[in-house]
Amino acid sequence: MRRRHNLPLLIGATLVCLIAASAVFAPLLTPHDPTAIDPAGRLAPPGGEHPLGTDRLGRDVLSRILYGGRVAVVVGGVAVAIGAGAGISLGLVSGYQAGRLDAVLMRAVDGLMAFPALLLAIMVVAALGPGHIQTMAAVGVVLIPTFARLARAQTLAVRKQEFVYAARALGATDGRIVLTHILPNVAGPLLIQSTVAFSGAVLAEASLSYLGLGTQPPVASWGGMLQEARDVFFVGPWMAIWPGVAIALAVLGWNLLGDGLRDMLDPRLRHATRRRGGR
Amino acid sequence: MPFVLRRLLAVVPTVLVVATVTFLALQVIPGDLAVVMLGMDARAEDVARLRQEFGLDRPLAVRYLGWLAGIVRGDLGASVAYREPVARLIAARLPVTVSVAFAAMLIAVVLALPLGVVAARRAWSGLDLAVLAGSQLGLAVPTFWLGILLLLWLAAAVPIFPLQGYTPLFRDPLEWARHLVLPAVALGVDRAAALVRLVRASLLEELNREYVRTARGKGLGEGVVVRRHVLRNALIPVLTVAGLQLGYLLAGTIVVEQVFGLPGLGRLLLQAIYARDLVVVQGVVMVVAVMFTLLNLLVDLLYAAVDPRIAYD
């Protein structure tokens, strides 16, 4: 019997929708400008006009979190687009062509994998300079190897199947076979990987911004807010708590969405879950 | 060729790729590297001197070969800001980073092993679901935020844990440990969250196998079955991942060092980036990436040693 509820998918999708909606509708949800400085209202505790308090420049913490969500969603989205776009293209070509090209491309991917992810991102930002756009590029580059490896493995698994031979016999070009026959057949795992990569991208953006290398002030970003809270968090703990809650909820949402999609799309796993569940 | 030798030799091209990527990454910086390092308002003669001192006036290929030759000799160049060899700067800070990474690994294993075993033995019970939910939470909480929360709630309330700083092991082991606890917990919880899922999944996989039924069938207690038979097999994939995690922890310490003011490699790297001291950036990235590669090698070799089914020849 199939489980009726896919709880991870439900919770994950709800969290992701909530965060995306609050990022899109931020101007409607808060009357405050996230960058408006108010020296008289510095470090005001949560309550009243400022439900989550103000920071050391008197800016509204809730507004900054809502607008920071925009940074997280945009950086995450663009970074995943870069990583998935480049990685999946590399993986499809590598897996479909096999042979020498495959060997060369995979060595290059191995080269990127020889660096721990965060270190690679820091190195790219060190080269390009700190900032919003650079962070997207850095996190995008970090995501390439996983997508490339996964797309290659999936392509290798289907490239010798009969529907590929059939398409070729009907006169389809290599490009057409890869895009219209192989890609749809390997899309499931890549979709799951995209959601997991999104959570990784949100974390990486937050880490880089916390280190002062990502999104630069006065633009609000969750990691940047935690950095700004560094010297004053004993005086204004709310500054250090809420941006972290936002990061954790976003990462949790994307991870759960990935888990839920995996449960839904991978029938083998569903079987295994049921078997173990029946013990 | 024996497996060990083959695997050792495979490290050479990886290190070469790492050295090349590290070198090239910092050559794509737009503009004159000497100006980038000294700042826009530097005097022309200072820029010219730096360019000559660091060989920036030589062709790219010559500098690349010089970089590779330096690595072989253990010479990673000299820092512009510190006026010291980069290798010496790194050597002074490496013990801090390695201490934090190992302590975090210890926390991760100590948390993940028992929790994973208990969760797998009572699969789909309330306890198991709590462990699974906890691991999702652990994965979602950023290490630096957990660090901040620990400082906020624990270090302030319990004066045993210092807020910032580091004491070398050989100066005062107790102080060393006290300074390591909070950073290690901040970093270790996240890795424990990843490991516990693996321990649980791996154990569940093994518990369904025939030999376990045989062991139960001959009257062994469940504890003995798990300890003597299942764990040995289930822990092999866990060992691999734990080894890889240690490599990631080396990079993870960069952020945590910032939270706890630890004078490690991460601190050095960030200060070098802020100061545009690119030779140091290059050196630190190179050293961490090579350590990461060597850890992967060690894991592969250990893997062969603990699993007699894997015959490498």
# chains A, B, ... in the order shown; residues from 1 in each chain; ligands from 1
call {"tool": "select_by_dssp", "arguments": {"residues": "stretch 45-186 of chain A", "states": "alpha helix (DSSP H)", "output": "PyMOL selection string"}}
result
chain A and resi 61-97+99-113+117-128+132-158+162-169+174-176+183-186
call {"tool": "interface_residues", "arguments": {"of": "chain B", "to": "chain A", "cutoff": "6 Å", "atoms": "only C-alpha atoms", "output": "list in words"}}
result
Val17, Leu26, Ile29, Ala140, Val141, Trp145, Tyr248, Ala251, Ile273 and Ala289 of chain B
call {"tool": "write_last_selection", "arguments": {"atoms": "N, CA and C atoms", "output": "PDB file, in the first residue's frame"}}
result
ATOM      1  N   VAL B  17      46.689  19.127 -10.556  1.00  0.00           N
ATOM      2  CA  VAL B  17      45.476  19.865 -10.961  1.00  0.00           C
ATOM      3  C   VAL B  17      45.157  20.937  -9.920  1.00  0.00           C
ATOM      4  N   LEU B  26      43.902  32.790  -9.299  1.00  0.00           N
ATOM      5  CA  LEU B  26      44.280  34.118  -8.832  1.00  0.00           C
ATOM      6  C   LEU B  26      45.013  34.921  -9.907  1.00  0.00           C
ATOM      7  N   ILE B  29      42.376  37.675 -11.905  1.00  0.00           N
ATOM      8  CA  ILE B  29      42.001  38.955 -11.293  1.00  0.00           C
ATOM      9  C   ILE B  29      42.267  40.075 -12.295  1.00  0.00           C
ATOM     10  N   ALA B 140      20.170  21.726   8.846  1.00  0.00           N
ATOM     11  CA  ALA B 140      19.666  23.029   8.398  1.00  0.00           C
ATOM     12  C   ALA B 140      20.323  24.186   9.151  1.00  0.00           C
ATOM     13  N   VAL B 141      20.786  23.914  10.372  1.00  0.00           N
ATOM     14  CA  VAL B 141      21.350  25.001  11.184  1.00  0.00           C
ATOM     15  C   VAL B 141      22.773  25.310  10.722  1.00  0.00           C
ATOM     16  N   TRP B 145      25.996  29.965  12.951  1.00  0.00           N
ATOM     17  CA  TRP B 145      24.871  30.419  13.785  1.00  0.00           C
ATOM     18  C   TRP B 145      24.815  29.612  15.081  1.00  0.00           C
ATOM     19  N   TYR B 248      36.009  18.033   4.764  1.00  0.00           N
ATOM     20  CA  TYR B 248      35.094  19.170   4.717  1.00  0.00           C
ATOM     21  C   TYR B 248      35.197  19.999   5.997  1.00  0.00           C
ATOM     22  N   ALA B 251      37.637  22.751   5.881  1.00  0.00           N
ATOM     23  CA  ALA B 251      37.123  23.971   5.255  1.00  0.00           C
ATOM     24  C   ALA B 251      36.086  24.637   6.158  1.00  0.00           C
ATOM     25  N   ILE B 273      42.667  37.641   2.335  1.00  0.00           N
ATOM     26  CA  ILE B 273      41.740  38.095   1.290  1.00  0.00           C
ATOM     27  C   ILE B 273      41.417  39.578   1.497  1.00  0.00           C
ATOM     28  N   ALA B 289      43.607  22.110   0.229  1.00  0.00           N
ATOM     29  CA  ALA B 289      43.178  21.189  -0.829  1.00  0.00           C
ATOM     30  C   ALA B 289      44.053  19.934  -0.862  1.00  0.00           C
TER      31      ALA B 289
END
call {"tool": "residues_around", "arguments": {"residues": "stretch 205-211 of chain B", "least_positions_apart": "3", "cutoff": "12 Å", "atoms": "only C-alpha atoms", "output": "VMD selection string"}}
result
(chain A and resid 272 to 273 275 to 279) or (chain B and resid 117 120 to 123 198 to 202 214 to 218 220 222 225 to 237)
call {"tool": "write_last_selection", "arguments": {"atoms": "C-alpha atoms", "output": "short mmCIF file (atom, residue, chain, number, x, y, z; two decimals), in the first residue's frame"}}
result
data_model
loop_
_atom_site.label_atom_id
_atom_site.label_comp_id
_atom_site.auth_asym_id
_atom_site.auth_seq_id
_atom_site.Cartn_x
_atom_site.Cartn_y
_atom_site.Cartn_z
CA ALA A 272 12.60 -0.23 0.47
CA THR A 273 10.90 2.14 2.89
CA ARG A 275 9.82 -3.20 3.47
CA ARG A 276 11.75 -1.71 6.36
CA GLY A 277 8.65 -0.11 7.72
CA GLY A 278 6.98 -3.51 7.83
CA ARG A 279 9.64 -5.08 9.99
CA VAL B 117 22.35 2.44 16.06
CA ALA B 120 18.01 1.66 13.26
CA ARG B 121 17.22 -0.96 15.92
CA ARG B 122 13.89 0.71 16.59
CA ALA B 123 13.18 1.72 13.00
CA LEU B 198 24.16 7.15 7.16
CA VAL B 199 24.75 4.98 10.24
CA ARG B 200 21.02 4.32 10.46
CA ALA B 201 20.59 3.52 6.75
CA SER B 202 23.70 1.34 6.66
CA THR B 214 21.46 -16.98 10.94
CA ALA B 215 23.07 -15.27 13.92
CA ARG B 216 19.66 -14.73 15.52
CA GLY B 217 18.67 -18.27 14.61
CA LYS B 218 21.57 -19.78 16.54
CA LEU B 220 22.53 -14.94 19.90
CA GLU B 222 20.18 -8.91 19.73
CA VAL B 225 24.23 -9.68 16.86
CA VAL B 226 24.48 -5.94 16.40
CA ARG B 227 27.86 -5.49 18.10
CA ARG B 228 29.70 -8.53 16.79
CA HIS B 229 28.19 -8.97 13.33
CA VAL B 230 26.18 -6.08 12.00
CA LEU B 231 28.24 -3.10 13.16
CA ARG B 232 31.45 -4.37 11.59
CA ASN B 233 29.85 -4.47 8.17
CA ALA B 234 27.63 -1.46 8.57
CA LEU B 235 30.47 0.80 9.62
CA ILE B 236 32.51 0.39 6.43
CA PRO B 237 30.55 2.96 4.39
#
call {"tool": "atom_distance", "arguments": {"atom1": "atom CA of B:Leu68", "atom2": "atom CA of A:Val109"}}
result
21.2 Å
call {"tool": "residues_around", "arguments": {"residues": "stretch 151-159 of chain B", "least_positions_apart": "5", "cutoff": "12 Å", "atoms": "only C-alpha atoms", "output": "PyMOL selection string"}}
result
(chain A and resi 229-241) or (chain B and resi 144-146+164+178-179+181-183+185-186+256+259-261)
call {"tool": "closest_residue", "arguments": {"among": "B:Arg93, B:Ser99, B:Val189, B:Gln27", "to": "B:Pro173", "atoms": "only C-alpha atoms"}}
result
B:Ser99
call {"tool": "residues_around", "arguments": {"residues": "B:Leu269", "least_positions_apart": "6", "cutoff": "8 Å", "atoms": "only C-alpha atoms", "output": "list in words"}}
result
Val280, Val281, Val284 and Val285 of chain B
call {"tool": "closest_residue", "arguments": {"among": "B:Leu60, B:Ala304, B:Val212, B:Val109", "to": "B:Leu24", "atoms": "only C-alpha atoms"}}
result
B:Leu60
call {"tool": "atom_distance", "arguments": {"atom1": "atom CA of A:His132", "atom2": "atom CA of A:Tyr67"}}
result
14.0 Å
call {"tool": "residues_around", "arguments": {"residues": "stretch 4-16 of chain B", "least_positions_apart": "2", "cutoff": "9 Å", "atoms": "only C-alpha atoms", "output": "PyMOL selection string"}}
result
(chain A and resi 107+110-111+114) or (chain B and resi 1-2+18-21+68+286+289-290+293-294+297+300-301+312-313)
call {"tool": "atom_distance", "arguments": {"atom1": "atom CA of B:Val100", "atom2": "atom CA of A:Ala121"}}
result
21.1 Å
